[in-house]
Protein chains: 2
Amino acid sequence: MPKIRLEPVRGMRDIIPEESTEILWLERKFAEVAELYGYEPVIAPTVELFSLFEVKSGPEIRRSMYVFQDKAGRTVCLRPELTASMARIYLRRLQTLPKPVKIFYVGSAFRYEEPQRGRYREFIQAGVEYLGEEGVAADIELLLLIRDYLREIRFVDYSIKLGHMGLFRDLFSMWGIPEDVQDEIIHYIDKKELERATTLLSEYPKAKPEVINELSKCKGSDPQKLTSCAESAGLPEEVMKHVELLAHVTKVTQALGIPEVYADLGFARGLAYYTGLIFEIVPKKALSLSVGGGGRYDTLVSLYGGPATPATGFALGIDRIHLTLKESGWSLPERKIKVMLVSLESDIYGYVDRVATALRSAGVVVNVFPRPKLSSALRVASEKGYDYAVIIGRKEVEGGYVTLKDLRERKQKIVTVEELRKEVVKAE
Amino acid sequence: MPKIRLEPVRGMRDIIPEESTEILWLERKFAEVAELYGYEPVIAPTVELFSLFEVKSGPEIRRSMYVFQDKAGRTVCLRPELTASMARIYLRRLQTLPKPVKIFYVGSAFRYEEPQRGRYREFIQAGVEYLGEEGVAADIELLLLIRDYLREIRFVDYSIKLGHMGLFRDLFSMWGIPEDVQDEIIHYIDKKELERATTLLSEYPKAKPEVINELSKCKGSDPQKLTSCAESAGLPEEVMKHVELLAHVTKVTQALGIPEVYADLGFARGLAYYTGLIFEIVPKKALSLSVGGGGRYDTLVSLYGGPATPATGFALGIDRIHLTLKESGWSLPERKIKVMLVSLESDIYGYVDRVATALRSAGVVVNVFPRPKLSSALRVASEKGYDYAVIIGRKEVEGGYVTLKDLRERKQKIVTVEELRKEVVKAE
């Protein structure tokens, strides 16, 4: 009868091996790829002032935040995403660095939402921010980084959906719609609640809700067709440049080996700080649950009180990537050789340490069994799928060798400490 | 004039390059060493029920916790340390695995304490738990793992201080002191407030506070001297076995290359769940701020409602390790070659991508400058301390080569794409 509740708090998870090993590997690979692209890490606090997110995160995120008072009465929160912190830290510490400033992060974010498949109240985000560059080369680089990361972790069969927030913002401004109402309409478009969006729009005399309806039908990767679809939808000339940009990015990235890229003129993202090109990564097999996305947020830094700073970035959901991979039968592409070391005497620490150190320095996992019990050690080793057992008794210490047992081929032999390392490593 | 507060919440930190790069490296190395010892990762939730920590964390930690109600009215907290979660997760998911169960973690913990040098309200802990083994070999393994990790990250000049909670618990029980009062006395001993401890003790007629006073003078690494000091202090025969264990561990670990190990019979740790051997890692140079510690907690799993499960573990403070290293002039022992790639044309994405990919696959950082501006790119590259610039224009694309500029030696030459990789990597 447990005296404490063993379950984690609702919506939270206990991640145990093998899942934890896989998730850490996915995180580490992200950091590696981001570093190879010249991004540098930033570690932001988990707890931020709530006011940081009041500015531009959008109504949905604000409602689902973990907000509380700390002991000094500050209204703080657990970060619901990391871009706001990155923009804050950029302003505080990084804005005097040579531009562009390229940073990445891997960390937990928190949203109090109804838990469901692939949605947890604490989830792991891996992302980058590219600050101080307005050119489309920055946006394209983000897509290449995603391509390389997904290739590295063997995540295949995904599409990249492109959109442009400028389409909506420019139209809405031309129609005289105040910014907070724009945010709300965009929230509905993001949630695929087009009717609510057009109802809200129709309250404004200059608005043409039918344009939004028609735009939502313009999708694809053919530049000509996109342009003519947008024209038929009644998109004004002044706004067509965004469609042209989408067509350009689609063409360039497809030529660079991203399996499937398409533009969707009715696609919006809920975070209210986006201003330009936006995108989402959608796996083809699973229930089209997006595994990440991002886009331009050229005004966030100035909204925070800083100088005009064009910026773009993205975040990937490591949990969802992991879930999608597992559903397609994925397993960890790399694996270390594992050795169970059994000492038959309890006073030969020095010899055991020498053998274990020699193997570990060659990248071999050496688990030293804590008691001089050969049969228990061998049972544990085989239950855990270890490759070898190394057995050391008085005889071995005196002779300067070890007994090496191949647990898969069920053979054993005697090797010197010098030979052991080569023997274990070469066998792979 | 900033519109938001740019400072992080009091006691929290923004960790930026180079510090962030160093800290991530320290974390990754810990995971690597723990894996080589056969530990597997567990990822615990950041938010736990407060009740998990009410059981045995000790008065000090309870007082300094971030506690709040979530939207469903649960009393939750930000974890103040990770061992309680690990014990919970062991009971829930791992207790049927073959013993011993060896797990590790790296993650944030939170304590609302007065910020000071090396003490933050969010801090990074890296630790292991060794569950299901009562023998001293498990405790010794922890010290060897610490030795290897500190060696790997080049942290030298530290001592390991050993103590034994059994000394206090056995004495206090013999003296008829209730467990919650024992916890409080131990808290004072941990805080070096011996007078308050002995005052509390003197309320119990059977207690001999002078024994605690005398024990606090018994320190050192000579087994004979320790034993005789404990005897003079008036330690009863039944409790001497703990001193003998300390002497044994001191001797064994010193022979295994741990620079300085000593026992301190007056040493206690504040976390109330410790039951046996305890230890702390104390750097010699800095203000003897402990960078980590741990010990046996043989009753925690059963206090949580599980079967009797001997266990030991430790946690290192990654921030304090980093601080201590930096104060001794440490810098990152590993560094990647860094290349700034400048494309002089905006329509040669394919060629640029091929060159960048070739270098990145050899582990070279390639930062592609986002605009066709050579002088800006070279300025940024040299400000950021890059090793090379690779310049690609129309001429290079047509000829199938690149211009490689060595930024340290200020020389440049033309190399084919095939030669480039060898040229850049071999130069190290």
# chains A, B, ... in the order shown; residues from 1 in each chain; ligands from 1

call {"tool": "residues_around", "arguments": {"residues": "range 367-383 of chain B", "least_positions_apart": "4", "cutoff": "6 Å", "atoms": "only C-alpha atoms", "output": "list in words"}}
result
Tyr37, Gly38, Pro98 and Ala137 of chain A; Met340, Leu341, Val342, Ser343, Leu344 and Glu345 of chain B

call {"tool": "residues_around", "arguments": {"residues": "range 171-179 of chain A", "least_positions_apart": "5", "cutoff": "9 Å", "atoms": "only C-alpha atoms", "output": "number ranges by chain"}}
result
A: 166, 184, 201, 204-208, 235-236, 239

call {"tool": "residues_around", "arguments": {"residues": "Gly350 in chain B", "least_positions_apart": "6", "cutoff": "9 Å", "atoms": "only C-alpha atoms", "output": "list in words"}}
result
Val252, Ala255 and Leu256 of chain A

call {"tool": "residues_around", "arguments": {"residues": "Gln125 in chain A", "least_positions_apart": "6", "cutoff": "7 Å", "atoms": "only C-alpha atoms", "output": "MDAnalysis selection string"}}
result
chainID A and resid 106:109 315:318

call {"tool": "write_last_selection", "arguments": {"atoms": "all heavy atoms", "output": "tab-separated table (two decimals), in the first residue's frame"}}
result
chain	number	residue	atom	x	y	z
A	106	VAL	N	17.41	23.89	-25.90
A	106	VAL	CA	16.66	22.65	-25.71
A	106	VAL	C	16.16	22.72	-24.28
A	106	VAL	O	16.96	22.90	-23.35
A	106	VAL	CB	17.55	21.40	-25.89
A	106	VAL	CG1	16.73	20.13	-25.64
A	106	VAL	CG2	18.17	21.37	-27.28
A	107	GLY	N	14.85	22.62	-24.06
A	107	GLY	CA	14.35	22.71	-22.69
A	107	GLY	C	12.87	22.43	-22.59
A	107	GLY	O	12.17	22.31	-23.60
A	108	SER	N	12.40	22.35	-21.34
A	108	SER	CA	11.00	22.07	-21.08
A	108	SER	C	10.16	23.34	-21.23
A	108	SER	O	10.62	24.43	-20.91
A	108	SER	CB	10.82	21.57	-19.65
A	108	SER	OG	11.22	20.24	-19.54
A	109	ALA	N	8.92	23.16	-21.68
A	109	ALA	CA	7.94	24.23	-21.64
A	109	ALA	C	6.67	23.62	-21.05
A	109	ALA	O	6.54	22.39	-20.97
A	109	ALA	CB	7.70	24.79	-23.03
A	315	ALA	N	10.65	26.00	-33.36
A	315	ALA	CA	10.80	25.06	-32.25
A	315	ALA	C	10.25	23.72	-32.69
A	315	ALA	O	9.23	23.64	-33.37
A	315	ALA	CB	10.03	25.56	-31.03
A	316	LEU	N	10.97	22.67	-32.32
A	316	LEU	CA	10.49	21.31	-32.60
A	316	LEU	C	10.02	20.69	-31.29
A	316	LEU	O	10.60	20.93	-30.23
A	316	LEU	CB	11.63	20.46	-33.18
A	316	LEU	CG	12.28	20.97	-34.47
A	316	LEU	CD1	13.42	20.05	-34.88
A	316	LEU	CD2	11.24	21.04	-35.59
A	317	GLY	N	8.98	19.89	-31.37
A	317	GLY	CA	8.50	19.14	-30.20
A	317	GLY	C	9.19	17.80	-30.16
A	317	GLY	O	8.88	16.91	-30.94
A	318	ILE	N	10.17	17.69	-29.24
A	318	ILE	CA	10.96	16.45	-29.20
A	318	ILE	C	10.07	15.25	-28.84
A	318	ILE	O	10.25	14.15	-29.36
A	318	ILE	CB	12.13	16.61	-28.20
A	318	ILE	CG1	13.13	17.68	-28.70
A	318	ILE	CG2	12.85	15.28	-27.96
A	318	ILE	CD1	13.86	17.33	-29.98

call {"tool": "residues_around", "arguments": {"residues": "Gly276 in chain A", "least_positions_apart": "5", "cutoff": "6 Å", "atoms": "only C-alpha atoms", "output": "list in words"}}
result
His164, Met165, Gly166 and Arg296 of chain A

call {"tool": "select_by_dssp", "arguments": {"residues": "range 7-215 of chain B", "states": "strand (DSSP E)", "output": "PyMOL selection string"}}
result
chain B and resi 40-41+47-49+66-69+75-78+101-110+122-131+158-164

call {"tool": "closest_residue", "arguments": {"among": "A:Ile23, A:Leu289, A:Ala263, A:Leu215", "to": "Gln116 in chain A", "atoms": "only C-alpha atoms"}}
result
A:Leu289
